[in-house]
file structure_13.tsv (TSV, C-alpha atoms)
chain	number	residue	atom	x	y	z
I	512	MET	CA	-123.31	86.81	102.20
I	513	ILE	CA	-126.52	87.68	104.06
I	514	GLU	CA	-127.43	89.70	107.13
I	515	LEU	CA	-130.43	89.73	109.45
I	516	LEU	CA	-131.88	93.11	110.45
I	517	LYS	CA	-134.44	93.74	113.20
I	518	ILE	CA	-136.74	96.57	112.08
I	519	GLY	CA	-139.74	97.29	114.25
I	520	LYS	CA	-141.40	94.01	115.20
I	521	HIS	CA	-140.07	92.03	112.24
I	522	ASN	CA	-136.82	90.40	111.10
I	523	TYR	CA	-135.59	91.05	107.56
I	524	VAL	CA	-132.82	89.40	105.58
I	525	VAL	CA	-130.68	91.21	102.99
I	526	GLY	CA	-128.39	89.70	100.36
I	527	LEU	CA	-130.40	86.93	98.65
I	528	ASP	CA	-128.29	85.11	96.06
I	529	VAL	CA	-130.51	85.70	93.03
I	530	TRP	CA	-134.01	86.90	92.01
I	531	LEU	CA	-135.82	85.22	89.11
I	532	SER	CA	-139.21	85.68	87.47
I	533	ILE	CA	-141.98	83.08	87.70
I	534	GLU	CA	-144.72	82.74	85.15
I	535	THR	CA	-147.92	82.57	87.15
I	536	HIS	CA	-149.80	84.67	89.68
I	537	ASN	CA	-152.35	81.99	90.63
I	538	LYS	CA	-149.87	79.29	91.68
I	539	ALA	CA	-146.89	81.47	92.57
I	540	ALA	CA	-145.97	79.49	95.71
I	541	LYS	CA	-145.85	76.19	93.84
I	542	ALA	CA	-143.90	77.65	90.91
I	543	ALA	CA	-141.42	79.34	93.28
I	544	ARG	CA	-140.82	76.14	95.24
I	545	GLU	CA	-140.28	74.16	92.04
I	546	LYS	CA	-137.82	76.78	90.82
I	547	ALA	CA	-135.89	76.61	94.10
I	548	LYS	CA	-135.83	72.80	93.99
I	549	SER	CA	-134.68	72.64	90.37
I	550	LEU	CA	-131.74	74.98	91.10
I	551	LYS	CA	-130.89	73.29	94.45
I	552	PHE	CA	-131.54	76.30	96.73
I	553	PRO	CA	-132.71	75.36	100.25
I	554	PHE	CA	-134.55	78.66	100.92
I	555	PHE	CA	-136.74	80.93	98.83
I	556	ALA	CA	-139.08	83.94	99.05
I	557	ILE	CA	-141.98	84.97	96.82
I	558	ARG	CA	-142.51	88.57	95.65
I	559	PRO	CA	-145.97	88.48	94.00
I	560	SER	CA	-146.26	92.00	92.58
I	561	PRO	CA	-146.00	93.71	90.12
I	562	VAL	CA	-144.23	90.84	88.31
I	563	PRO	CA	-144.13	87.52	90.23
I	564	GLN	CA	-140.57	86.74	91.35
I	565	VAL	CA	-138.77	84.20	93.51
I	566	GLY	CA	-135.71	85.10	95.56
I	567	LEU	CA	-133.29	82.21	96.19
I	568	LEU	CA	-130.95	81.72	99.13
I	569	LYS	CA	-128.30	79.05	99.74
I	570	ASN	CA	-125.73	79.43	102.53
I	571	VAL	CA	-127.40	80.29	105.85
I	572	GLN	CA	-126.04	79.89	109.37
I	573	LYS	CA	-127.97	77.35	111.40
I	574	GLY	CA	-130.77	78.97	113.40
I	575	MET	CA	-130.48	82.32	111.62
I	576	LEU	CA	-133.93	82.10	110.05
I	577	LYS	CA	-135.92	81.10	113.14
I	578	GLY	CA	-139.50	82.33	113.18
I	579	LYS	CA	-140.94	84.52	110.44
I	580	VAL	CA	-138.25	86.33	108.45
I	581	PHE	CA	-138.97	88.62	105.50
I	582	SER	CA	-136.96	89.73	102.45
I	583	LEU	CA	-135.99	93.40	102.89
I	584	ALA	CA	-135.45	93.81	99.13
I	585	ALA	CA	-139.07	92.86	98.46
I	586	ALA	CA	-140.34	94.99	101.35
I	587	ILE	CA	-138.87	98.28	100.05
I	588	SER	CA	-138.72	97.52	96.31
I	589	GLY	CA	-141.73	99.77	95.67
I	590	ALA	CA	-140.38	102.75	97.64
I	591	GLN	CA	-139.33	104.67	94.50
I	592	PRO	CA	-140.47	104.86	90.84
I	593	GLU	CA	-140.41	101.66	88.79
I	594	SER	CA	-136.68	101.87	88.00
I	595	TRP	CA	-134.31	102.80	90.83
I	596	SER	CA	-131.15	101.71	92.61
I	597	GLY	CA	-130.11	102.21	96.23
I	598	LEU	CA	-126.79	102.05	98.08
I	599	PHE	CA	-127.06	101.82	101.89
I	600	ALA	CA	-124.43	101.66	104.64
I	601	LEU	CA	-125.58	99.23	107.35
I	602	PRO	CA	-124.73	99.33	111.09
I	603	SER	CA	-122.63	96.15	110.76
I	604	GLY	CA	-120.18	97.93	108.44
I	605	LYS	CA	-121.48	96.11	105.36
I	606	TRP	CA	-123.07	97.90	102.39
I	607	TRP	CA	-126.28	96.89	100.62
I	608	VAL	CA	-127.18	97.51	96.96
I	609	LEU	CA	-130.78	97.14	95.73
I	610	SER	CA	-131.55	97.54	91.99
I	611	ILE	CA	-135.04	97.65	90.44
I	612	PHE	CA	-135.79	97.78	86.69
I	613	ASN	CA	-139.39	98.35	85.53
I	614	GLY	CA	-140.67	97.17	88.91
I	615	VAL	CA	-138.54	93.99	88.85
I	616	ILE	CA	-135.65	93.20	91.23
I	617	ILE	CA	-132.85	92.35	88.80
I	618	SER	CA	-131.20	88.95	89.20
I	619	ASN	CA	-128.18	90.21	91.21
I	620	GLY	CA	-129.95	93.28	92.55
I	621	ASP	CA	-129.95	92.29	96.25
I	622	LEU	CA	-126.23	92.48	97.06
I	623	LEU	CA	-124.57	92.67	100.49
I	624	ALA	CA	-120.82	93.34	100.34
I	625	ASP	CA	-117.94	95.54	101.46
I	626	GLU	CA	-118.04	99.21	100.46
I	627	GLU	CA	-115.74	98.92	97.43
I	628	THR	CA	-117.64	95.99	95.90
I	629	ALA	CA	-121.03	97.55	96.66
I	630	ARG	CA	-120.10	100.92	95.15
I	631	ALA	CA	-118.75	99.24	92.01
I	632	GLN	CA	-122.04	97.33	91.61
I	633	PHE	CA	-124.07	100.49	92.31
I	634	ASP	CA	-122.16	102.45	89.65
I	635	LYS	CA	-122.55	99.60	87.17
I	636	GLU	CA	-126.33	99.57	87.64
I	637	LEU	CA	-126.62	103.36	87.32
I	638	ALA	CA	-124.73	103.17	84.00
I	639	ARG	CA	-126.72	100.17	82.73
I	640	LEU	CA	-130.26	101.13	83.72
I	641	PRO	CA	-132.34	103.88	82.02
I	642	GLY	CA	-131.30	107.52	82.24
I	643	ASP	CA	-134.29	108.43	84.40
I	644	ILE	CA	-133.38	105.91	87.10
I	645	GLN	CA	-133.76	107.34	90.61
I	646	PRO	CA	-130.61	106.75	92.74
I	647	VAL	CA	-130.71	106.63	96.54
I	648	GLU	CA	-127.31	106.74	98.25
I	649	ILE	CA	-127.03	106.95	102.07
I	650	SER	CA	-123.59	106.50	103.62
I	651	ASP	CA	-124.62	107.11	107.24
I	652	PRO	CA	-125.90	103.83	108.80
I	653	THR	CA	-128.36	105.60	111.13
I	654	GLU	CA	-129.86	107.63	108.28
I	655	ALA	CA	-129.91	104.54	106.04
I	656	MET	CA	-131.86	102.49	108.60
I	657	ALA	CA	-134.28	105.40	109.14
I	658	TRP	CA	-134.92	105.63	105.38
I	659	ILE	CA	-135.36	101.87	105.06
I	660	SER	CA	-137.74	101.72	108.05
I	661	LYS	CA	-139.82	104.55	106.62
I	662	ASN	CA	-140.14	102.89	103.20
I	663	ILE	CA	-140.94	99.33	104.24
I	664	SER	CA	-144.25	98.05	102.91
I	665	ASN	CA	-145.87	94.83	104.13
I	666	LYS	CA	-148.55	94.90	101.43
I	667	TYR	CA	-146.95	91.89	99.75
I	668	PRO	CA	-144.75	90.27	102.46
I	669	ALA	CA	-142.06	88.01	101.04
I	670	VAL	CA	-141.46	85.43	103.78
I	671	ILE	CA	-138.30	83.29	103.63
I	672	ARG	CA	-139.43	79.66	103.27
I	673	LYS	CA	-137.74	76.27	103.27
I	674	THR	CA	-137.56	74.41	100.00
I	675	GLN	CA	-137.24	71.06	101.88
I	676	ASP	CA	-135.13	69.44	99.19
I	677	ASN	CA	-133.52	66.13	100.22
I	678	SER	CA	-130.25	67.14	98.58
I	679	VAL	CA	-129.75	69.82	101.25
I	680	VAL	CA	-127.84	68.69	104.35
I	681	LEU	CA	-126.63	70.32	107.57
I	682	ALA	CA	-122.88	70.29	108.14
I	683	GLY	CA	-120.88	72.33	110.60
I	684	GLY	CA	-123.85	74.55	111.40
I	685	VAL	CA	-124.21	75.70	107.77
I	686	VAL	CA	-126.93	74.81	105.26
I	687	LEU	CA	-125.22	73.54	102.13
I	688	GLY	CA	-126.68	73.02	98.66
I	689	VAL	CA	-125.31	71.07	95.72
I	690	THR	CA	-122.36	72.97	94.23
I	691	VAL	CA	-122.76	73.74	90.53
I	692	VAL	CA	-119.46	73.45	88.65
I	693	GLY	CA	-118.11	73.36	85.12
I	694	GLY	CA	-120.82	73.15	82.47
I	695	GLY	CA	-123.48	73.22	85.19
I	696	PHE	CA	-122.47	76.74	86.19
I	697	TRP	CA	-122.69	77.89	82.58
I	698	ILE	CA	-126.20	76.43	82.24
I	699	TYR	CA	-127.23	78.14	85.47
I	700	HIS	CA	-125.73	81.46	84.29
I	701	GLN	CA	-127.65	81.26	81.01
I	702	HIS	CA	-130.81	80.43	82.96
I	703	VAL	CA	-130.41	83.58	85.08
I	704	ILE	CA	-129.95	85.74	81.97
I	705	ALA	CA	-133.03	84.21	80.30
I	706	GLU	CA	-135.12	84.77	83.42
I	707	GLN	CA	-134.00	88.37	83.70
I	708	ARG	CA	-134.85	89.07	80.06
I	709	LYS	CA	-138.24	87.42	80.52
I	710	ALA	CA	-138.99	89.62	83.54
I	711	ALA	CA	-137.98	92.73	81.59
I	712	ARG	CA	-140.29	91.76	78.67
I	713	ILE	CA	-143.22	91.19	81.03
I	714	ALA	CA	-142.58	94.50	82.75
I	715	LEU	CA	-142.36	96.31	79.40
I	716	LEU	CA	-145.68	94.85	78.21
I	717	LYS	CA	-147.34	95.95	81.46
I	718	GLN	CA	-145.86	99.41	81.06
I	719	LEU	CA	-147.10	99.73	77.46
I	720	ALA	CA	-150.59	98.61	78.51
I	721	ALA	CA	-150.63	101.17	81.31
I	722	GLU	CA	-149.52	103.96	78.96
I	723	LYS	CA	-152.20	103.04	76.42
I	724	LYS	CA	-154.86	103.12	79.13
I	725	LYS	CA	-153.62	106.52	80.29
I	726	GLU	CA	-153.80	107.93	76.74
I	727	GLU	CA	-157.42	106.86	76.43
I	728	LYS	CA	-158.48	109.08	79.33
I	729	SER	CA	-160.14	112.43	78.63
I	730	SER	CA	-157.63	115.08	77.58
I	731	THR	CA	-159.22	117.51	80.02
I	732	GLN	CA	-158.16	115.39	83.00
I	733	ILE	CA	-154.53	116.47	83.18
I	734	ALA	CA	-152.74	114.59	85.93
I	735	LYS	CA	-151.02	116.48	88.72
I	736	VAL	CA	-147.27	116.55	88.34
I	737	ALA	CA	-145.38	114.87	91.19
I	738	PRO	CA	-142.13	116.35	92.49
I	739	ILE	CA	-139.14	114.93	90.63
I	740	VAL	CA	-135.53	114.24	91.45
I	741	LEU	CA	-133.45	116.38	89.11
I	742	PRO	CA	-131.05	114.21	87.07
I	743	TRP	CA	-127.98	116.29	87.88
I	744	ALA	CA	-128.45	115.88	91.65
I	745	GLY	CA	-125.18	114.65	93.16
I	746	LYS	CA	-123.12	115.40	90.04
I	747	VAL	CA	-119.79	117.28	90.19
I	748	SER	CA	-117.82	119.59	87.92
I	749	TYR	CA	-115.59	118.10	85.23
I	750	SER	CA	-112.24	119.22	86.68
I	751	ALA	CA	-112.81	117.61	90.11
I	752	TRP	CA	-113.75	114.30	88.48
I	753	ALA	CA	-110.89	114.40	85.94
I	754	ASN	CA	-108.26	114.99	88.63
I	755	ALA	CA	-109.58	111.99	90.61
I	756	VAL	CA	-109.29	109.83	87.46
I	757	LYS	CA	-105.74	111.11	86.94
I	758	ASN	CA	-104.70	109.95	90.42
I	759	ILE	CA	-105.81	106.40	89.58
I	760	VAL	CA	-104.83	106.03	85.92
I	761	LEU	CA	-101.56	107.95	85.63
I	762	PRO	CA	-99.53	105.62	87.95
I	763	LEU	CA	-100.65	102.49	86.05
I	764	PRO	CA	-97.84	100.70	84.16
I	765	LEU	CA	-98.49	99.56	80.60
I	766	ALA	CA	-97.37	96.03	81.54
I	767	SER	CA	-97.25	93.99	84.74
I	768	HIS	CA	-95.47	90.60	84.87
I	769	GLY	CA	-96.33	89.84	81.25
I	770	TRP	CA	-99.92	91.14	81.43
I	771	LEU	CA	-100.54	94.16	79.17
I	772	LEU	CA	-102.91	97.00	80.00
I	773	SER	CA	-105.80	96.53	77.54
I	774	GLU	CA	-108.64	98.82	78.68
I	775	VAL	CA	-109.48	101.50	81.25
I	776	THR	CA	-113.09	102.59	81.78
I	777	CYS	CA	-114.07	105.29	84.28
I	778	SER	CA	-117.59	106.34	85.28
I	779	LEU	CA	-118.64	109.05	87.72
I	780	ARG	CA	-117.79	106.92	90.77
I	781	SER	CA	-115.29	104.24	89.77
I	782	CYS	CA	-112.62	103.06	87.31
I	783	SER	CA	-112.28	99.55	85.86
I	784	VAL	CA	-108.76	98.53	84.75
I	785	THR	CA	-108.37	95.43	82.56
I	786	TRP	CA	-105.12	93.57	81.79
I	787	LYS	CA	-104.60	90.99	79.03
I	788	ARG	CA	-102.40	87.90	79.44
I	789	GLN	CA	-99.54	87.51	76.96
I	790	PRO	CA	-98.01	84.21	75.72
I	791	GLY	CA	-95.61	82.62	78.19
I	792	VAL	CA	-97.26	83.90	81.37
I	793	THR	CA	-100.02	82.41	83.51
I	794	VAL	CA	-102.83	83.49	85.82
I	795	LEU	CA	-100.36	83.12	88.72
I	796	GLU	CA	-98.80	86.45	87.67
I	797	ALA	CA	-102.13	88.23	87.11
I	798	PRO	CA	-102.30	91.83	88.47
I	799	SER	CA	-105.55	91.07	90.34
I	800	LYS	CA	-107.58	88.08	91.57
I	801	ASP	CA	-110.60	88.98	89.39
I	802	ILE	CA	-109.91	86.85	86.30
I	803	ASP	CA	-112.32	85.95	83.50
I	804	ALA	CA	-113.43	82.36	82.81
I	805	ASN	CA	-110.81	81.87	80.06
I	806	GLY	CA	-107.96	83.07	82.26
I	807	ASN	CA	-106.91	85.75	79.76
I	808	LEU	CA	-108.27	88.97	81.31
I	809	SER	CA	-107.68	90.35	84.79
I	810	THR	CA	-109.77	93.30	86.09
I	811	THR	CA	-109.28	95.66	89.03
I	812	MET	CA	-111.97	98.09	90.29
I	813	TYR	CA	-111.03	101.42	91.85
I	814	SER	CA	-113.53	103.66	93.67
I	815	LEU	CA	-113.38	107.40	93.04
I	816	PRO	CA	-113.78	109.80	95.99
I	817	THR	CA	-117.25	111.00	96.98
I	818	PHE	CA	-117.47	114.67	95.98
I	819	ALA	CA	-119.82	117.37	97.19
I	820	SER	CA	-122.26	118.26	94.40
I	821	ASN	CA	-121.05	121.47	92.71
I	822	LEU	CA	-122.40	121.29	89.16
I	823	ASP	CA	-123.42	124.67	87.67
I	824	VAL	CA	-126.69	124.24	85.70
I	825	GLN	CA	-127.60	127.91	85.25
I	826	ALA	CA	-126.44	128.33	81.64
I	827	PRO	CA	-128.87	127.40	78.79
I	828	VAL	CA	-128.05	124.05	77.17
I	829	SER	CA	-128.19	125.57	73.69
I	830	GLY	CA	-125.22	127.85	74.37
I	831	THR	CA	-123.14	125.23	76.19
I	832	SER	CA	-123.72	122.54	73.54
I	833	ARG	CA	-122.79	125.03	70.80
I	834	ARG	CA	-119.48	125.75	72.54
I	835	LEU	CA	-118.84	122.02	72.89
I	836	GLN	CA	-119.70	121.31	69.26
I	837	GLY	CA	-117.46	124.15	68.08
I	838	TRP	CA	-114.58	122.73	70.12
I	839	ILE	CA	-115.10	119.24	68.62
I	840	GLN	CA	-115.29	120.61	65.07
I	841	GLY	CA	-112.23	122.80	65.64
I	842	LEU	CA	-110.17	119.72	66.50
I	843	GLY	CA	-111.41	117.90	63.39
I	844	ILE	CA	-112.39	114.78	65.35
I	845	ASN	CA	-115.43	112.50	65.11
I	846	GLY	CA	-118.14	113.35	67.60
I	847	GLY	CA	-121.83	114.02	67.96
I	848	ILE	CA	-124.36	115.87	70.10
I	849	GLN	CA	-128.00	114.75	70.39
I	850	GLU	CA	-130.98	116.21	72.24
I	851	GLN	CA	-132.39	113.80	74.82
I	852	MET	CA	-136.07	112.92	74.88
I	853	ASN	CA	-138.53	113.97	77.61
I	854	PRO	CA	-137.27	117.37	78.83
I	855	GLY	CA	-138.17	117.92	82.47
I	856	ALA	CA	-140.35	120.22	84.52
I	857	TYR	CA	-139.98	121.46	88.06
I	858	PRO	CA	-142.77	120.71	90.61
I	859	LEU	CA	-145.98	122.75	90.22
I	860	PRO	CA	-146.17	126.04	92.13
I	861	THR	CA	-149.11	126.39	94.52
I	862	ASN	CA	-150.62	129.17	92.36
I	863	ALA	CA	-150.43	127.24	89.07
I	864	PRO	CA	-153.40	127.86	86.73
I	865	LYS	CA	-156.18	125.26	86.57
I	866	LEU	CA	-158.01	123.69	83.62
I	867	ASN	CA	-161.43	122.20	84.44
I	868	GLY	CA	-160.49	122.28	88.12
I	869	VAL	CA	-157.20	120.41	87.62
I	870	LYS	CA	-153.75	122.02	87.73
I	871	SER	CA	-152.06	122.05	84.35
I	872	PRO	CA	-148.51	120.70	84.13
I	873	PRO	CA	-145.93	123.45	83.54
I	874	ALA	CA	-143.97	123.74	80.34
I	875	PRO	CA	-140.59	121.98	80.36
I	876	THR	CA	-138.05	124.15	82.17
I	877	TRP	CA	-134.86	122.17	81.65
I	878	THR	CA	-133.45	119.97	78.93
I	879	ALA	CA	-130.40	117.82	78.23
I	880	LYS	CA	-128.15	116.94	75.32
I	881	SER	CA	-125.92	113.87	75.16
I	882	PHE	CA	-122.52	113.88	73.45
I	883	SER	CA	-119.70	111.52	72.49
I	884	PHE	CA	-116.29	111.85	70.85
I	885	SER	CA	-112.85	110.21	70.74
I	886	LEU	CA	-109.54	111.95	71.34
I	887	PRO	CA	-105.92	110.77	71.98
I	888	VAL	CA	-105.73	112.98	75.09
I	889	PRO	CA	-106.51	111.90	78.70
I	890	PRO	CA	-109.39	113.61	80.58
I	891	TRP	CA	-107.17	115.51	83.03
I	892	GLU	CA	-105.44	117.38	80.16
I	893	ILE	CA	-108.68	118.74	78.63
I	894	SER	CA	-109.67	121.99	80.35
I	895	ALA	CA	-112.14	122.85	77.56
I	896	LEU	CA	-114.69	120.44	79.04
I	897	GLU	CA	-115.09	122.54	82.20
I	898	LEU	CA	-118.48	123.78	80.92
I	899	PRO	CA	-121.70	124.63	82.83
I	900	GLY	CA	-123.96	121.60	83.26
I	901	LEU	CA	-121.52	119.14	81.61
I	902	VAL	CA	-121.31	115.67	83.18
I	903	ILE	CA	-119.12	112.82	81.91
I	904	SER	CA	-120.97	109.47	81.90
I	905	SER	CA	-117.89	107.41	81.02
I	906	VAL	CA	-114.46	107.51	79.40
I	907	THR	CA	-112.73	104.46	77.92
I	908	TRP	CA	-109.07	104.09	76.92
I	909	ASN	CA	-107.75	101.37	74.61
I	910	PRO	CA	-104.20	100.40	73.55
I	911	GLY	CA	-104.60	102.42	70.34
I	912	GLY	CA	-104.16	105.51	72.51
I	913	ASN	CA	-107.64	106.98	72.08
I	914	TRP	CA	-109.98	107.99	74.89
I	915	HIS	CA	-113.71	107.70	74.09
I	916	PHE	CA	-115.87	110.20	75.98
I	917	THR	CA	-119.66	110.07	76.55
I	918	GLY	CA	-121.68	112.49	78.65
I	919	VAL	CA	-124.63	114.83	79.08
I	920	VAL	CA	-125.10	118.61	79.23
I	921	TYR	CA	-127.94	119.79	81.55
I	922	GLY	CA	-129.46	123.25	81.86
I	923	PRO	CA	-132.48	125.53	81.33
I	924	SER	CA	-134.36	124.95	78.08
I	925	HIS	CA	-134.67	128.69	77.28
call {"tool": "encode", "arguments": {"input": "structure_13.tsv", "output": "structure tokens"}}
result
Amino acid sequence: MIELLKIGKHNYVVGLDVWLSIETHNKAAKAAREKAKSLKFPFFAIRPSPVPQVGLLKNVQKGMLKGKVFSLAAAISGAQPESWSGLFALPSGKWWVLSIFNGVIISNGDLLADEETARAQFDKELARLPGDIQPVEISDPTEAMAWISKNISNKYPAVIRKTQDNSVVLAGGVVLGVTVVGGGFWIYHQHVIAEQRKAARIALLKQLAAEKKKEEKSSTQIAKVAPIVLPWAGKVSYSAWANAVKNIVLPLPLASHGWLLSEVTCSLRSCSVTWKRQPGVTVLEAPSKDIDANGNLSTTMYSLPTFASNLDVQAPVSGTSRRLQGWIQGLGINGGIQEQMNPGAYPLPTNAPKLNGVKSPPAPTWTAKSFSFSLPVPPWEISALELPGLVISSVTWNPGGNWHFTGVVYGPSH
């Protein structure tokens, strides 16, 4: 699914099928075209920096790509720090998810879908990518288009080009490529994973080189600290989240037409419910249409409501984590609390002291501790977790009856 957006004087397309890395800067166009040909994609775009990538596109309505059309994912990929993910409501009613990891558009990180599918993908990326990822979520189409327009960069324009492969034909006004089935799909899937890992390795090497170069600079040249997005922005109190989870999970039956409930996983914004097929039943009785390749697991995604941010982060982390640890120990259950690396600082005040003419970065003013534990009690029956600065990252239930909790406690470092 793709969509064409007119922004300023240019046309941009969103929703490319996949983004892959290419190995060369010098002959990026040739390498990108060869990649598109080998995978039977009739259209492609090149994103040359910071890591060369090719975006591939298959099903396009006839005449949709007339004139010069650019990839919107490539155009705004550098709008935030190197790792970030965005969820945007578009005027057409569709939702767009863009996910960047270490400066690289991940393979399925340019997704156009309905709201439920887009939010599920957005939540998945926030959980999978690093903890310092910068989220951008705009549910008003007018505000979303204003933000996108403001952050477009044409420094490295990624123009949609024709692959001109003879295996591509026009039929019924739609450009069709060769369908990959059976073992071919598996080979293609493994290829995507390998390409994504390669892009991540390249990005990591570039990051390490940049950090080494930065360390070699004079210690007297302390860099100015840029304003940061606080990691608890948009988070909600435990009780509001737990009650929303209750409304989804509590009505679920343990069995449905011979499929047994096998796992429930809930994050801040969604719940994933998985059912397992039992002997004597088939996929025709599956609780949902999302079935794994072996036909034994069926998964349903549920979106949690969007809450107003009401997390209290005034209490010191040391006191809150001590209360949490005492509660865990008092129950005699397995659990742990760890201090997270890289405590944060607020933006520099205008009257901050200077060293050799350069403002010194302030001392860390907030910190965070992560925790995990397992308990045979559902989230909505645990009032003890209504603590200042506590955020649940995920909870997972299994047929053994246990719920596994992971989360973070934020607050002042003093």
call {"tool": "closest_residue", "arguments": {"input": "structure_13.tsv", "among": "I:Val888, I:Lys673, I:Met512, I:Gly846", "to": "Asp621 in chain I", "atoms": "only C-alpha atoms"}}
result
I:Met512
call {"tool": "closest_residue", "arguments": {"input": "structure_13.tsv", "among": "I:Ser905, I:Ser610, I:Ser618, I:Ser778", "to": "Trp595 in chain I", "atoms": "only C-alpha atoms"}}
result
I:Ser610
call {"tool": "closest_residue", "arguments": {"input": "structure_13.tsv", "among": "I:Leu795, I:Val824, I:Leu716, I:Ala721", "to": "Val562 in chain I", "atoms": "only C-alpha atoms"}}
result
I:Leu716
call {"tool": "atom_distance", "arguments": {"input": "structure_13.tsv", "atom1": "CA of Ala600 in chain I", "atom2": "CA of Ala655 in chain I"}}
result
6.3 Å
call {"tool": "residues_around", "arguments": {"input": "structure_13.tsv", "residues": "Ile617 in chain I", "least_positions_apart": "6", "cutoff": "8 Å", "atoms": "only C-alpha atoms", "output": "list of chain:residue names"}}
result
I:Trp530, I:Leu531, I:Ser610, I:Ile611, I:Gln707
call {"tool": "write_last_selection", "arguments": {"input": "structure_13.tsv", "atoms": "C-alpha atoms", "output": "PDB file, in the frame of the given file"}}
result
ATOM      1  CA  TRP I 530    -134.010  86.900  92.010  1.00  0.00           C
ATOM      2  CA  LEU I 531    -135.820  85.220  89.110  1.00  0.00           C
ATOM      3  CA  SER I 610    -131.550  97.540  91.990  1.00  0.00           C
ATOM      4  CA  ILE I 611    -135.040  97.650  90.440  1.00  0.00           C
ATOM      5  CA  GLN I 707    -134.000  88.370  83.700  1.00  0.00           C
TER       6      GLN I 707
END
call {"tool": "atom_distance", "arguments": {"input": "structure_13.tsv", "atom1": "CA of Ile713 in chain I", "atom2": "CA of Ala629 in chain I"}}
result
27.9 Å
call {"tool": "atom_distance", "arguments": {"input": "structure_13.tsv", "atom1": "CA of Trp891 in chain I", "atom2": "CA of Trp752 in chain I"}}
result
8.6 Å
call {"tool": "residues_around", "arguments": {"input": "structure_13.tsv", "residues": "Ile587 in chain I", "least_positions_apart": "2", "cutoff": "10 Å", "atoms": "all atoms listed in the file", "output": "list in words"}}
result
Ser582, Leu583, Ala584, Ala585, Gly589, Ala590, Gln591, Leu609, Trp658, Ile659, Ser660, Lys661, Asn662, Ile663, Ser664 and Asn665 of chain I
call {"tool": "closest_residue", "arguments": {"input": "structure_13.tsv", "among": "I:Asn619, I:Ser881, I:Gln825, I:Thr810", "to": "Gln632 in chain I", "atoms": "all atoms listed in the file"}}
result
I:Asn619
call {"tool": "residues_near_point", "arguments": {"input": "structure_13.tsv", "point": "(-113.7, 114.4, 82.3)", "cutoff": "7 Å", "atoms": "only C-alpha atoms", "output": "list of chain:residue names"}}
result
I:Tyr749, I:Ser750, I:Trp752, I:Ala753, I:Pro890, I:Trp891, I:Leu896, I:Ile903
call {"tool": "write_last_selection", "arguments": {"input": "structure_13.tsv", "atoms": "C-alpha atoms", "output": "PDB file, in the frame of the given file"}}
result
ATOM      1  CA  TYR I 749    -115.590 118.100  85.230  1.00  0.00           C
ATOM      2  CA  SER I 750    -112.240 119.220  86.680  1.00  0.00           C
ATOM      3  CA  TRP I 752    -113.750 114.300  88.480  1.00  0.00           C
ATOM      4  CA  ALA I 753    -110.890 114.400  85.940  1.00  0.00           C
ATOM      5  CA  PRO I 890    -109.390 113.610  80.580  1.00  0.00           C
ATOM      6  CA  TRP I 891    -107.170 115.510  83.030  1.00  0.00           C
ATOM      7  CA  LEU I 896    -114.690 120.440  79.040  1.00  0.00           C
ATOM      8  CA  ILE I 903    -119.120 112.820  81.910  1.00  0.00           C
TER       9      ILE I 903
END
call {"tool": "residues_around", "arguments": {"input": "structure_13.tsv", "residues": "Gly526 in chain I", "least_positions_apart": "3", "cutoff": "6 Å", "atoms": "only C-alpha atoms", "output": "list in words"}}
result
Ile513, Asp621, Leu622 and Leu623 of chain I
call {"tool": "closest_residue", "arguments": {"input": "structure_13.tsv", "among": "I:His768, I:Lys757, I:Lys635, I:Lys573", "to": "Glu892 in chain I", "atoms": "all atoms listed in the file"}}
result
I:Lys757
call {"tool": "residues_around", "arguments": {"input": "structure_13.tsv", "residues": "Thr907 in chain I", "least_positions_apart": "4", "cutoff": "6 Å", "atoms": "all atoms listed in the file", "output": "PDB file with C-alpha atoms, keeping the file's coordinate frame"}}
result
ATOM      1  CA  VAL I 775    -109.480 101.500  81.250  1.00  0.00           C
ATOM      2  CA  THR I 776    -113.090 102.590  81.780  1.00  0.00           C
ATOM      3  CA  TRP I 914    -109.980 107.990  74.890  1.00  0.00           C
ATOM      4  CA  HIS I 915    -113.710 107.700  74.090  1.00  0.00           C
TER       5      HIS I 915
END
call {"tool": "residues_around", "arguments": {"input": "structure_13.tsv", "residues": "Glu514 in chain I", "least_positions_apart": "4", "cutoff": "9 Å", "atoms": "all atoms listed in the file", "output": "ChimeraX atom specification"}}
result
/I:523-526,603,605,623
call {"tool": "closest_residue", "arguments": {"input": "structure_13.tsv", "among": "I:Ile848, I:Ile671, I:Leu765, I:Val747", "to": "Pro899 in chain I", "atoms": "only C-alpha atoms"}}
result
I:Val747
